[in-house]
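One file, entry03.pdb, carrying PDB, C-alpha atoms:
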```pdb
ATOM      1  CA  MET A   1       2.844   2.408  28.019
ATOM      2  CA  ASN A   2      -0.850   3.288  28.202
ATOM      3  CA  GLY A   3      -3.983   1.219  28.533
ATOM      4  CA  PRO A   4      -4.920   0.849  24.847
ATOM      5  CA  ILE A   5      -1.345  -0.042  23.846
ATOM      6  CA  ASP A   6      -1.031  -2.494  26.718
ATOM      7  CA  GLY A   7      -4.265  -4.074  25.518
ATOM      8  CA  LEU A   8      -2.975  -4.350  21.956
ATOM      9  CA  LEU A   9       0.309  -5.928  23.027
ATOM     10  CA  SER A  10      -1.490  -8.309  25.375
ATOM     11  CA  THR A  11      -3.682  -9.396  22.497
ATOM     12  CA  LEU A  12      -0.676 -10.040  20.256
ATOM     13  CA  HIS A  13       0.987 -12.174  22.944
ATOM     14  CA  LEU A  14      -0.150 -15.740  22.221
ATOM     15  CA  THR A  15       0.352 -18.801  24.387
ATOM     16  CA  ASN A  16       1.953 -21.827  22.755
ATOM     17  CA  THR A  17       0.019 -24.749  24.187
ATOM     18  CA  GLY A  18       2.806 -27.188  23.307
ATOM     19  CA  ALA A  19       0.248 -29.378  21.568
ATOM     20  CA  ARG A  20       1.139 -30.378  18.038
ATOM     21  CA  THR A  21      -0.058 -33.231  15.874
ATOM     22  CA  THR A  22      -0.096 -32.041  12.287
ATOM     23  CA  GLU A  23      -0.641 -28.446  13.422
ATOM     24  CA  ASP A  24       0.735 -25.968  15.964
ATOM     25  CA  ILE A  25      -1.808 -24.782  18.549
ATOM     26  CA  PHE A  26      -1.845 -21.351  20.217
ATOM     27  CA  THR A  27      -4.358 -19.484  22.342
ATOM     28  CA  GLY A  28      -4.976 -15.768  22.736
ATOM     29  CA  PRO A  29      -7.326 -13.385  24.563
ATOM     30  CA  SER A  30     -10.228 -11.424  23.136
ATOM     31  CA  GLN A  31     -10.284  -7.658  23.573
ATOM     32  CA  TRP A  32     -13.414  -6.118  25.036
ATOM     33  CA  MET A  33     -15.581  -4.358  22.460
ATOM     34  CA  PRO A  34     -18.743  -2.367  23.222
ATOM     35  CA  LEU A  35     -20.994  -4.484  20.990
ATOM     36  CA  GLY A  36     -19.624  -7.805  22.234
ATOM     37  CA  ARG A  37     -18.114  -8.956  18.928
ATOM     38  CA  VAL A  38     -14.405  -9.541  18.409
ATOM     39  CA  PHE A  39     -12.809  -6.814  16.263
ATOM     40  CA  GLY A  40     -11.843  -8.323  12.912
ATOM     41  CA  GLY A  41      -8.434  -6.644  12.938
ATOM     42  CA  GLN A  42      -7.688  -8.327  16.254
ATOM     43  CA  VAL A  43      -8.260 -11.883  15.032
ATOM     44  CA  LEU A  44      -6.357 -11.106  11.815
ATOM     45  CA  ALA A  45      -3.336  -9.873  13.766
ATOM     46  CA  GLN A  46      -3.426 -12.808  16.166
ATOM     47  CA  SER A  47      -3.702 -15.321  13.333
ATOM     48  CA  LEU A  48      -0.669 -13.734  11.711
ATOM     49  CA  MET A  49       1.312 -13.847  14.968
ATOM     50  CA  ALA A  50       0.456 -17.540  15.310
ATOM     51  CA  ALA A  51       1.746 -18.215  11.797
ATOM     52  CA  MET A  52       4.860 -16.099  12.427
ATOM     53  CA  HIS A  53       5.760 -18.291  15.415
ATOM     54  CA  THR A  54       6.139 -21.297  13.075
ATOM     55  CA  VAL A  55       8.568 -19.854  10.510
ATOM     56  CA  GLU A  56      12.269 -19.046  10.714
ATOM     57  CA  PRO A  57      12.943 -15.448  11.872
ATOM     58  CA  GLU A  58      14.616 -14.528   8.592
ATOM     59  CA  ARG A  59      11.401 -15.273   6.684
ATOM     60  CA  ILE A  60       9.098 -12.263   6.815
ATOM     61  CA  ILE A  61       5.441 -12.065   5.913
ATOM     62  CA  HIS A  62       4.691 -10.571   2.513
ATOM     63  CA  SER A  63       1.030 -11.480   1.951
ATOM     64  CA  MET A  64      -2.081 -12.898   3.546
ATOM     65  CA  HIS A  65      -5.626 -13.699   2.467
ATOM     66  CA  GLY A  66      -8.304 -14.307   5.094
ATOM     67  CA  TYR A  67     -12.026 -14.971   5.293
ATOM     68  CA  PHE A  68     -14.190 -13.986   8.243
ATOM     69  CA  LEU A  69     -16.507 -16.948   8.829
ATOM     70  CA  ARG A  70     -18.400 -16.130  12.026
ATOM     71  CA  PRO A  71     -18.508 -13.239  14.486
ATOM     72  CA  GLY A  72     -16.274 -13.774  17.505
ATOM     73  CA  ASP A  73     -17.419 -13.376  21.119
ATOM     74  CA  VAL A  74     -15.324 -11.093  23.337
ATOM     75  CA  GLU A  75     -16.254 -13.185  26.377
ATOM     76  CA  HIS A  76     -14.183 -16.135  25.175
ATOM     77  CA  PRO A  77     -10.507 -16.659  24.246
ATOM     78  CA  ILE A  78      -9.519 -17.788  20.751
ATOM     79  CA  THR A  79      -7.624 -20.918  19.717
ATOM     80  CA  PHE A  80      -5.354 -20.766  16.676
ATOM     81  CA  SER A  81      -4.233 -23.819  14.700
ATOM     82  CA  VAL A  82      -1.394 -23.378  12.216
ATOM     83  CA  ASP A  83      -0.814 -25.827   9.381
ATOM     84  CA  ARG A  84       2.728 -25.718   7.970
ATOM     85  CA  LEU A  85       1.682 -26.075   4.348
ATOM     86  CA  HIS A  86       5.041 -25.544   2.664
ATOM     87  CA  ASP A  87       8.664 -24.613   3.305
ATOM     88  CA  GLY A  88      10.721 -23.997   0.188
ATOM     89  CA  ARG A  89      14.141 -22.497  -0.401
ATOM     90  CA  SER A  90      12.817 -18.923  -0.261
ATOM     91  CA  PHE A  91       9.116 -19.086   0.626
ATOM     92  CA  SER A  92       7.014 -20.576   3.410
ATOM     93  CA  THR A  93       3.233 -20.892   3.445
ATOM     94  CA  ARG A  94       1.029 -21.229   6.514
ATOM     95  CA  ARG A  95      -2.695 -21.689   7.019
ATOM     96  CA  THR A  96      -4.216 -20.444  10.266
ATOM     97  CA  HIS A  97      -7.689 -21.220  11.540
ATOM     98  CA  ALA A  98      -9.073 -19.261  14.488
ATOM     99  CA  PHE A  99     -11.620 -21.105  16.639
ATOM    100  CA  GLN A 100     -14.118 -20.268  19.364
ATOM    101  CA  ASN A 101     -16.256 -22.941  20.986
ATOM    102  CA  GLY A 102     -14.972 -25.472  18.462
ATOM    103  CA  GLU A 103     -16.099 -23.488  15.415
ATOM    104  CA  PRO A 104     -13.847 -21.541  13.016
ATOM    105  CA  ILE A 105     -14.327 -17.773  12.998
ATOM    106  CA  LEU A 106     -11.482 -16.976  10.567
ATOM    107  CA  SER A 107      -9.532 -18.899   7.941
ATOM    108  CA  LEU A 108      -6.298 -17.343   6.700
ATOM    109  CA  ILE A 109      -3.362 -18.259   4.469
ATOM    110  CA  ALA A 110      -0.100 -16.306   4.791
ATOM    111  CA  SER A 111       3.113 -16.395   2.782
ATOM    112  CA  PHE A 112       6.630 -15.616   4.039
ATOM    113  CA  GLN A 113       9.869 -14.982   2.163
ATOM    114  CA  THR A 114      13.536 -14.548   2.900
ATOM    115  CA  ARG A 115      14.754 -11.057   1.984
ATOM    116  CA  ASP A 116      15.838 -10.819  -1.639
ATOM    117  CA  GLU A 117      17.038  -8.262  -4.159
ATOM    118  CA  GLY A 118      14.915  -7.398  -7.196
ATOM    119  CA  LEU A 119      13.223  -4.714  -9.258
ATOM    120  CA  GLU A 120      11.953  -1.699  -7.321
ATOM    121  CA  HIS A 121       9.133   0.770  -7.980
ATOM    122  CA  GLN A 122       6.044   2.116  -6.234
ATOM    123  CA  LEU A 123       3.065   4.369  -6.810
ATOM    124  CA  ALA A 124       3.676   7.807  -5.382
ATOM    125  CA  MET A 125       1.858   9.019  -2.277
ATOM    126  CA  PRO A 126      -0.827  11.644  -2.969
ATOM    127  CA  GLU A 127       0.392  15.196  -2.602
ATOM    128  CA  ASP A 128      -1.135  18.254  -0.941
ATOM    129  CA  LEU A 129      -2.847  16.373   1.891
ATOM    130  CA  PRO A 130      -3.020  18.083   5.285
ATOM    131  CA  ASP A 131      -0.585  17.028   7.992
ATOM    132  CA  PRO A 132      -2.069  14.843  10.734
ATOM    133  CA  GLU A 133      -1.347  17.489  13.378
ATOM    134  CA  SER A 134      -3.762  19.854  11.614
ATOM    135  CA  LEU A 135      -6.665  17.387  11.702
ATOM    136  CA  PRO A 136      -9.066  16.575  14.544
ATOM    137  CA  SER A 137      -8.540  13.306  16.377
ATOM    138  CA  THR A 138     -11.337  10.842  17.054
ATOM    139  CA  ALA A 139     -11.369  12.113  20.644
ATOM    140  CA  ASP A 140     -11.944  15.657  19.334
ATOM    141  CA  VAL A 141     -14.916  14.485  17.254
ATOM    142  CA  LEU A 142     -16.535  11.959  19.595
ATOM    143  CA  GLY A 143     -15.254  12.900  23.037
ATOM    144  CA  THR A 144     -18.536  14.490  24.146
ATOM    145  CA  VAL A 145     -20.875  11.849  22.653
ATOM    146  CA  ASP A 146     -22.595   9.798  25.364
ATOM    147  CA  HIS A 147     -22.541   6.337  23.767
ATOM    148  CA  ASP A 148     -20.511   3.198  24.501
ATOM    149  CA  VAL A 149     -19.188   2.900  20.933
ATOM    150  CA  ALA A 150     -18.307   6.601  20.768
ATOM    151  CA  ARG A 151     -16.464   6.421  24.091
ATOM    152  CA  TYR A 152     -14.534   3.356  22.945
ATOM    153  CA  TRP A 153     -13.557   4.902  19.610
ATOM    154  CA  ALA A 154     -12.643   8.199  21.270
ATOM    155  CA  SER A 155     -10.416   6.969  24.075
ATOM    156  CA  GLU A 156      -9.926   3.193  24.172
ATOM    157  CA  ARG A 157      -8.635   2.250  20.717
ATOM    158  CA  ALA A 158      -4.902   1.726  20.351
ATOM    159  CA  PHE A 159      -4.623   3.945  17.260
ATOM    160  CA  ASP A 160      -5.101   7.646  16.633
ATOM    161  CA  MET A 161      -7.172   8.011  13.437
ATOM    162  CA  ARG A 162      -7.431  11.323  11.568
ATOM    163  CA  HIS A 163      -9.543  11.520   8.406
ATOM    164  CA  VAL A 164      -9.105  13.429   5.169
ATOM    165  CA  PRO A 165     -11.333  15.223   4.352
ATOM    166  CA  SER A 166     -13.350  14.496   7.537
ATOM    167  CA  PRO A 167     -14.598  11.508   9.551
ATOM    168  CA  ILE A 168     -17.984   9.917   8.849
ATOM    169  CA  TYR A 169     -18.784   8.831  12.401
ATOM    170  CA  LEU A 170     -21.793  11.158  12.797
ATOM    171  CA  GLU A 171     -22.331  12.614   9.328
ATOM    172  CA  VAL A 172     -20.831  12.671   5.843
ATOM    173  CA  ALA A 173     -19.762  16.226   5.124
ATOM    174  CA  GLY A 174     -18.825  17.484   1.686
ATOM    175  CA  GLU A 175     -18.827  15.661  -1.619
ATOM    176  CA  ARG A 176     -20.017  12.054  -1.761
ATOM    177  CA  VAL A 177     -17.042  10.279  -3.253
ATOM    178  CA  PRO A 178     -15.827   6.665  -2.890
ATOM    179  CA  ARG A 179     -12.418   7.610  -1.539
ATOM    180  CA  GLN A 180     -10.705   9.061   1.505
ATOM    181  CA  ALA A 181      -7.421   9.030   3.386
ATOM    182  CA  VAL A 182      -6.696   8.356   7.049
ATOM    183  CA  TRP A 183      -3.593   9.266   9.019
ATOM    184  CA  MET A 184      -3.045   6.652  11.714
ATOM    185  CA  ARG A 185      -0.511   6.044  14.469
ATOM    186  CA  ALA A 186      -0.414   3.930  17.616
ATOM    187  CA  PHE A 187      -0.948   5.990  20.765
ATOM    188  CA  GLY A 188       2.248   4.682  22.367
ATOM    189  CA  ARG A 189       5.612   3.207  21.566
ATOM    190  CA  LEU A 190       5.693  -0.451  20.545
ATOM    191  CA  PRO A 191       8.656  -2.808  21.010
ATOM    192  CA  ASP A 192      11.173  -3.015  18.177
ATOM    193  CA  ASP A 193       9.987  -6.490  17.075
ATOM    194  CA  PRO A 194       9.189  -6.067  13.328
ATOM    195  CA  ASN A 195       6.645  -8.890  13.434
ATOM    196  CA  GLN A 196       4.601  -7.040  16.033
ATOM    197  CA  HIS A 197       4.566  -3.966  13.815
ATOM    198  CA  ARG A 198       3.503  -6.023  10.777
ATOM    199  CA  ALA A 199       0.718  -7.696  12.745
ATOM    200  CA  ALA A 200      -0.365  -4.379  14.296
ATOM    201  CA  LEU A 201      -0.516  -2.854  10.811
ATOM    202  CA  ALA A 202      -2.948  -5.598   9.788
ATOM    203  CA  TYR A 203      -4.904  -4.863  12.961
ATOM    204  CA  ALA A 204      -5.215  -1.158  12.145
ATOM    205  CA  SER A 205      -5.958  -1.750   8.459
ATOM    206  CA  ASP A 206      -9.402  -3.130   9.394
ATOM    207  CA  TYR A 207     -10.609   0.006  11.194
ATOM    208  CA  SER A 208     -11.668   2.181   8.267
ATOM    209  CA  ILE A 209     -11.112   0.281   5.015
ATOM    210  CA  LEU A 210     -14.850  -0.020   4.219
ATOM    211  CA  GLU A 211     -15.631   3.647   4.889
ATOM    212  CA  PRO A 212     -15.235   4.795   1.235
ATOM    213  CA  ILE A 213     -18.310   2.665   0.431
ATOM    214  CA  LEU A 214     -20.339   4.565   3.008
ATOM    215  CA  ARG A 215     -18.880   7.955   2.061
ATOM    216  CA  ALA A 216     -19.860   7.463  -1.587
ATOM    217  CA  HIS A 217     -23.528   7.254  -0.582
ATOM    218  CA  GLY A 218     -23.607   9.738   2.274
ATOM    219  CA  ALA A 219     -24.128   7.016   4.888
ATOM    220  CA  ALA A 220     -22.517   7.747   8.265
ATOM    221  CA  TRP A 221     -21.765   5.093  10.876
ATOM    222  CA  THR A 222     -24.811   6.366  12.787
ATOM    223  CA  THR A 223     -27.211   5.658   9.897
ATOM    224  CA  PRO A 224     -30.262   3.921  11.435
ATOM    225  CA  GLY A 225     -30.386   0.241  10.500
ATOM    226  CA  LEU A 226     -26.909   0.179   8.946
ATOM    227  CA  LYS A 227     -25.364  -3.295   8.985
ATOM    228  CA  ILE A 228     -21.754  -3.665   7.926
ATOM    229  CA  ALA A 229     -19.380  -6.587   8.335
ATOM    230  CA  SER A 230     -16.039  -7.618   6.866
ATOM    231  CA  LEU A 231     -16.213 -10.679   4.619
ATOM    232  CA  ASP A 232     -12.576 -11.103   3.651
ATOM    233  CA  HIS A 233      -9.284  -9.268   3.955
ATOM    234  CA  ALA A 234      -6.130  -9.384   1.843
ATOM    235  CA  MET A 235      -2.870  -7.608   2.555
ATOM    236  CA  TRP A 236       0.568  -7.346   0.994
ATOM    237  CA  TRP A 237       3.570  -6.004   2.939
ATOM    238  CA  HIS A 238       6.055  -4.282   0.629
ATOM    239  CA  ARG A 239       8.475  -2.608   3.032
ATOM    240  CA  ASP A 240       9.062  -2.270   6.765
ATOM    241  CA  ALA A 241       7.503   0.495   8.836
ATOM    242  CA  ARG A 242       6.692   1.325  12.438
ATOM    243  CA  VAL A 243       3.039   1.681  13.422
ATOM    244  CA  ASP A 244       3.955   4.078  16.233
ATOM    245  CA  GLU A 245       4.891   6.667  13.603
ATOM    246  CA  TRP A 246       2.372   8.439  11.357
ATOM    247  CA  LEU A 247       1.204   6.383   8.374
ATOM    248  CA  LEU A 248      -1.121   7.524   5.587
ATOM    249  CA  PHE A 249      -3.812   5.026   4.567
ATOM    250  CA  THR A 250      -5.353   5.994   1.207
ATOM    251  CA  GLN A 251      -8.603   4.175   0.431
ATOM    252  CA  GLU A 252     -11.034   3.884  -2.472
ATOM    253  CA  SER A 253     -14.030   1.724  -3.367
ATOM    254  CA  PRO A 254     -14.218   0.694  -7.037
ATOM    255  CA  SER A 255     -17.595  -1.026  -6.686
ATOM    256  CA  ALA A 256     -20.613  -1.747  -4.500
ATOM    257  CA  ALA A 257     -23.367  -4.125  -5.591
ATOM    258  CA  GLY A 258     -25.510  -6.962  -4.278
ATOM    259  CA  GLY A 259     -25.266  -5.843  -0.670
ATOM    260  CA  ARG A 260     -21.467  -5.976  -0.822
ATOM    261  CA  GLY A 261     -18.778  -3.380  -1.349
ATOM    262  CA  LEU A 262     -15.086  -3.610  -2.231
ATOM    263  CA  SER A 263     -12.408  -1.278  -0.903
ATOM    264  CA  LEU A 264      -8.742  -1.016  -1.844
ATOM    265  CA  GLY A 265      -6.049   0.770   0.135
ATOM    266  CA  ARG A 266      -2.392   1.731   0.181
ATOM    267  CA  ILE A 267      -0.369   2.563   3.294
ATOM    268  CA  TYR A 268       2.550   5.013   3.155
ATOM    269  CA  THR A 269       5.077   6.305   5.629
ATOM    270  CA  ARG A 270       4.994  10.030   6.221
ATOM    271  CA  ASP A 271       7.909  10.520   3.839
ATOM    272  CA  GLY A 272       6.143   8.669   1.014
ATOM    273  CA  VAL A 273       7.401   5.083   1.180
ATOM    274  CA  LEU A 274       4.720   2.577   0.149
ATOM    275  CA  VAL A 275       4.525   0.082   3.010
ATOM    276  CA  ALA A 276       1.536  -2.126   2.234
ATOM    277  CA  SER A 277      -1.515  -2.659   0.035
ATOM    278  CA  VAL A 278      -4.895  -3.804   1.337
ATOM    279  CA  ALA A 279      -8.150  -5.120  -0.138
ATOM    280  CA  GLN A 280     -11.369  -5.965   1.654
ATOM    281  CA  GLU A 281     -14.919  -6.851   0.653
ATOM    282  CA  GLY A 282     -17.680  -6.230   3.138
ATOM    283  CA  MET A 283     -21.383  -6.752   3.566
ATOM    284  CA  VAL A 284     -23.070  -3.342   3.570
ATOM    285  CA  ARG A 285     -26.814  -3.145   4.121
ATOM    286  CA  VAL A 286     -29.054  -0.134   4.676
ATOM    287  CA  PRO A 287     -32.844  -0.290   5.229
ATOM    288  CA  ASN A 288     -33.713   1.582   2.021
ATOM    289  CA  PRO A 289     -30.781   1.776  -0.430
ATOM    290  CA  THR A 290     -32.667   4.065  -2.817
ATOM    291  CA  THR A 291     -32.489   6.881  -0.260
ATOM    292  CA  PHE A 292     -28.706   6.878  -0.679
ATOM    293  CA  ASP A 293     -28.644   7.057  -4.502
TER     294      ASP A 293
END
```

Could you render the structure as structure tokens?
Amino acid sequence: MNGPIDGLLSTLHLTNTGARTTEDIFTGPSQWMPLGRVFGGQVLAQSLMAAMHTVEPERIIHSMHGYFLRPGDVEHPITFSVDRLHDGRSFSTRRTHAFQNGEPILSLIASFQTRDEGLEHQLAMPEDLPDPESLPSTADVLGTVDHDVARYWASERAFDMRHVPSPIYLEVAGERVPRQAVWMRAFGRLPDDPNQHRAALAYASDYSILEPILRAHGAAWTTPGLKIASLDHAMWWHRDARVDEWLLFTQESPSAAGGRGLSLGRIYTRDGVLVASVAQEGMVRVPNPTTFD
């Protein structure tokens, strides 16, 4: 194991407090982040793990819808309360609230299902994209930048992220289009627990999903005065996959308006199996939007 992977697994390991009235209560740590705010993907993944602890092992998560309510503070742990909303013959529904200092920072509903047979189809993975090995890593792009955020992204994140056509950390090169693709893979091997891989996939899905909004307008992450924050996050798991193997995350933004932008994504295995679909709306504000028209 390495440091970033150890940190990810530590984050996904929740403590069952044993307290239960109408809800199950868990606690979990906050990962350090350079700006002091809890990473949205972290609290999503932890909320899912809390819900997973309350369903039968044969029921696997297939969808979740969450709203980010307040920024989290990395200096404090997080408490998770899980309401067992429904258990049917095939489906179970759970609602998880994540709290810090007595206030909710995330509200999420997740649905689980026993495995079943049914119709099968999927959209094909895009063709003619470069292999991840041929693309620069985040460390290659940001490794020499003297900034806390750059150092964290370059060497302390648990996932290797490689952009097609290129990253937008420092600049937006090439055509301004509301779409991109990202190869991603955990930097180390994870245990074989499928739930950890499903939760870690939700974790990683929050890294870059809003970037097509920025790319469409030529706004890099370093744009002075840029303010961007996730508002909600939805995800559907279609098939199993390991996050410690290369996955392709295709992303596009169909709309941006009113200081908000919407991004949609699909996640494929390297051999073209559609694993998950993702949707997220975010607040995106720049000091003078007309300069990006």

Do a neighbour search on range 274-284 of chain A at 6 Å with all atoms listed in the file, toss out local chain neighbours closer than 6 positions, and write the hits as a PyMOL selection string. chain A and resi 227-239+259-268

Requested write-out: C-alpha atoms of the selected residues, as a PDB file, keeping the file's coordinate frame:
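So the final result, stored in part_6.pdb, reads:
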```
ATOM      1  CA  LYS A 227     -25.364  -3.295   8.985  1.00  0.00           C
ATOM      2  CA  ILE A 228     -21.754  -3.665   7.926  1.00  0.00           C
ATOM      3  CA  ALA A 229     -19.380  -6.587   8.335  1.00  0.00           C
ATOM      4  CA  SER A 230     -16.039  -7.618   6.866  1.00  0.00           C
ATOM      5  CA  LEU A 231     -16.213 -10.679   4.619  1.00  0.00           C
ATOM      6  CA  ASP A 232     -12.576 -11.103   3.651  1.00  0.00           C
ATOM      7  CA  HIS A 233      -9.284  -9.268   3.955  1.00  0.00           C
ATOM      8  CA  ALA A 234      -6.130  -9.384   1.843  1.00  0.00           C
ATOM      9  CA  MET A 235      -2.870  -7.608   2.555  1.00  0.00           C
ATOM     10  CA  TRP A 236       0.568  -7.346   0.994  1.00  0.00           C
ATOM     11  CA  TRP A 237       3.570  -6.004   2.939  1.00  0.00           C
ATOM     12  CA  HIS A 238       6.055  -4.282   0.629  1.00  0.00           C
ATOM     13  CA  ARG A 239       8.475  -2.608   3.032  1.00  0.00           C
ATOM     14  CA  GLY A 259     -25.266  -5.843  -0.670  1.00  0.00           C
ATOM     15  CA  ARG A 260     -21.467  -5.976  -0.822  1.00  0.00           C
ATOM     16  CA  GLY A 261     -18.778  -3.380  -1.349  1.00  0.00           C
ATOM     17  CA  LEU A 262     -15.086  -3.610  -2.231  1.00  0.00           C
ATOM     18  CA  SER A 263     -12.408  -1.278  -0.903  1.00  0.00           C
ATOM     19  CA  LEU A 264      -8.742  -1.016  -1.844  1.00  0.00           C
ATOM     20  CA  GLY A 265      -6.049   0.770   0.135  1.00  0.00           C
ATOM     21  CA  ARG A 266      -2.392   1.731   0.181  1.00  0.00           C
ATOM     22  CA  ILE A 267      -0.369   2.563   3.294  1.00  0.00           C
ATOM     23  CA  TYR A 268       2.550   5.013   3.155  1.00  0.00           C
TER      24      TYR A 268
END
```

Quick one: residues within 12 Å of Arg151 in chain A, all atoms listed in the file counted, chain neighbours fewer than 3 positions away excluded, as a short mmCIF file (atom, residue, chain, number, x, y, z; two decimals) with C-alpha atoms, in the coordinates of the input?
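Full text of out-v6.cif as output:
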```cif
data_model
loop_
_atom_site.label_atom_id
_atom_site.label_comp_id
_atom_site.auth_asym_id
_atom_site.auth_seq_id
_atom_site.Cartn_x
_atom_site.Cartn_y
_atom_site.Cartn_z
CA MET A 33 -15.58 -4.36 22.46
CA PRO A 34 -18.74 -2.37 23.22
CA THR A 138 -11.34 10.84 17.05
CA ALA A 139 -11.37 12.11 20.64
CA ASP A 140 -11.94 15.66 19.33
CA VAL A 141 -14.92 14.48 17.25
CA LEU A 142 -16.54 11.96 19.60
CA GLY A 143 -15.25 12.90 23.04
CA THR A 144 -18.54 14.49 24.15
CA VAL A 145 -20.88 11.85 22.65
CA ASP A 146 -22.60 9.80 25.36
CA HIS A 147 -22.54 6.34 23.77
CA ASP A 148 -20.51 3.20 24.50
CA ALA A 154 -12.64 8.20 21.27
CA SER A 155 -10.42 6.97 24.08
CA GLU A 156 -9.93 3.19 24.17
CA ARG A 157 -8.64 2.25 20.72
#
```

Output of the PyMOL selection byres ((chain A and resi 217) around 9), listed as a VMD selection string: chain A and resid 172 176 to 178 212 to 216 218 to 220 291 to 293

If we count only C-alpha atoms and set the cut-off at 12 Å, which residues sit around Arg198 in chain A, ignoring sequence neighbours fewer than 5 positions away in its own chain? Please answer as a ChimeraX atom specification. /A:12,44-46,48-49,52,60-64,190-193,203-205,235-244,275-276

Selection file, C-alpha atoms, as a PDB file, in the frame of the given file:
```
ATOM      1  CA  LEU A  12      -0.676 -10.040  20.256  1.00  0.00           C
ATOM      2  CA  LEU A  44      -6.357 -11.106  11.815  1.00  0.00           C
ATOM      3  CA  ALA A  45      -3.336  -9.873  13.766  1.00  0.00           C
ATOM      4  CA  GLN A  46      -3.426 -12.808  16.166  1.00  0.00           C
ATOM      5  CA  LEU A  48      -0.669 -13.734  11.711  1.00  0.00           C
ATOM      6  CA  MET A  49       1.312 -13.847  14.968  1.00  0.00           C
ATOM      7  CA  MET A  52       4.860 -16.099  12.427  1.00  0.00           C
ATOM      8  CA  ILE A  60       9.098 -12.263   6.815  1.00  0.00           C
ATOM      9  CA  ILE A  61       5.441 -12.065   5.913  1.00  0.00           C
ATOM     10  CA  HIS A  62       4.691 -10.571   2.513  1.00  0.00           C
ATOM     11  CA  SER A  63       1.030 -11.480   1.951  1.00  0.00           C
ATOM     12  CA  MET A  64      -2.081 -12.898   3.546  1.00  0.00           C
ATOM     13  CA  LEU A 190       5.693  -0.451  20.545  1.00  0.00           C
ATOM     14  CA  PRO A 191       8.656  -2.808  21.010  1.00  0.00           C
ATOM     15  CA  ASP A 192      11.173  -3.015  18.177  1.00  0.00           C
ATOM     16  CA  ASP A 193       9.987  -6.490  17.075  1.00  0.00           C
ATOM     17  CA  TYR A 203      -4.904  -4.863  12.961  1.00  0.00           C
ATOM     18  CA  ALA A 204      -5.215  -1.158  12.145  1.00  0.00           C
ATOM     19  CA  SER A 205      -5.958  -1.750   8.459  1.00  0.00           C
ATOM     20  CA  MET A 235      -2.870  -7.608   2.555  1.00  0.00           C
ATOM     21  CA  TRP A 236       0.568  -7.346   0.994  1.00  0.00           C
ATOM     22  CA  TRP A 237       3.570  -6.004   2.939  1.00  0.00           C
ATOM     23  CA  HIS A 238       6.055  -4.282   0.629  1.00  0.00           C
ATOM     24  CA  ARG A 239       8.475  -2.608   3.032  1.00  0.00           C
ATOM     25  CA  ASP A 240       9.062  -2.270   6.765  1.00  0.00           C
ATOM     26  CA  ALA A 241       7.503   0.495   8.836  1.00  0.00           C
ATOM     27  CA  ARG A 242       6.692   1.325  12.438  1.00  0.00           C
ATOM     28  CA  VAL A 243       3.039   1.681  13.422  1.00  0.00           C
ATOM     29  CA  ASP A 244       3.955   4.078  16.233  1.00  0.00           C
ATOM     30  CA  VAL A 275       4.525   0.082   3.010  1.00  0.00           C
ATOM     31  CA  ALA A 276       1.536  -2.126   2.234  1.00  0.00           C
TER      32      ALA A 276
END
```

Please report, as JSON, the centre and edge lengths in Å to one decimal of an axis-aligned box covering all listed atoms of range 148-167 of chain A with 4 Å per side.
```
{"center_x": -12.6, "center_y": 8.5, "center_z": 14.4, "size_x": 23.9, "size_y": 21.5, "size_z": 28.1}
```

For range 108-116 of chain A, list every protein, DNA or RNA residue within 9 Å, evaluated using only C-alpha atoms, and leave out those in the same chain fewer than 3 positions away; present the list as a list in words.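 Non-adjacent residues within range: Leu44, Ser47, Leu48, Ala51, Met52, Val55, Glu58, Arg59, Ile60, Ile61, His62, Ser63, Met64, His65, Gly66, Tyr67, Phe68, Arg89, Ser90, Phe91, Ser92, Thr93, Arg94, Arg95, Thr96, His97 and Ala98 of chain A.
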
Just-selected residues, C-alpha atoms written as a compact mmCIF listing (two decimals), in the coordinates of the input:
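As written to disk, out_26.txt reads:
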```
# COMPACT_ATOMS: atom_id res chain seq x y z
CA LEU A 44 -6.36 -11.11 11.82
CA SER A 47 -3.70 -15.32 13.33
CA LEU A 48 -0.67 -13.73 11.71
CA ALA A 51 1.75 -18.22 11.80
CA MET A 52 4.86 -16.10 12.43
CA VAL A 55 8.57 -19.85 10.51
CA GLU A 58 14.62 -14.53 8.59
CA ARG A 59 11.40 -15.27 6.68
CA ILE A 60 9.10 -12.26 6.82
CA ILE A 61 5.44 -12.06 5.91
CA HIS A 62 4.69 -10.57 2.51
CA SER A 63 1.03 -11.48 1.95
CA MET A 64 -2.08 -12.90 3.55
CA HIS A 65 -5.63 -13.70 2.47
CA GLY A 66 -8.30 -14.31 5.09
CA TYR A 67 -12.03 -14.97 5.29
CA PHE A 68 -14.19 -13.99 8.24
CA ARG A 89 14.14 -22.50 -0.40
CA SER A 90 12.82 -18.92 -0.26
CA PHE A 91 9.12 -19.09 0.63
CA SER A 92 7.01 -20.58 3.41
CA THR A 93 3.23 -20.89 3.44
CA ARG A 94 1.03 -21.23 6.51
CA ARG A 95 -2.70 -21.69 7.02
CA THR A 96 -4.22 -20.44 10.27
CA HIS A 97 -7.69 -21.22 11.54
CA ALA A 98 -9.07 -19.26 14.49
```

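Every residue that the PyMOL selection byres ((chain A and resi 271) around 10) selects in this file is listed here: Met125, Trp246, Leu247, Leu248, Tyr268, Thr269, Arg270, Gly272, Val273 and Leu274 of chain A.
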
If the PyMOL selection byres ((chain A and resi 16-31) around 8) were run on this exact file, what residues would it hold? Put them as a list of chain:residue names.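 Applying the expression gives A:Gly7, A:Ser10, A:Thr11, A:Leu12, A:His13, A:Leu14, A:Thr15, A:Trp32, A:Met33, A:Val38, A:Phe39, A:Gln42, A:Gln46, A:Ala50, A:Thr54, A:Asp73, A:Val74, A:Glu75, A:His76, A:Pro77, A:Ile78, A:Thr79, A:Phe80, A:Ser81, A:Val82, A:Asp83, A:Arg84.
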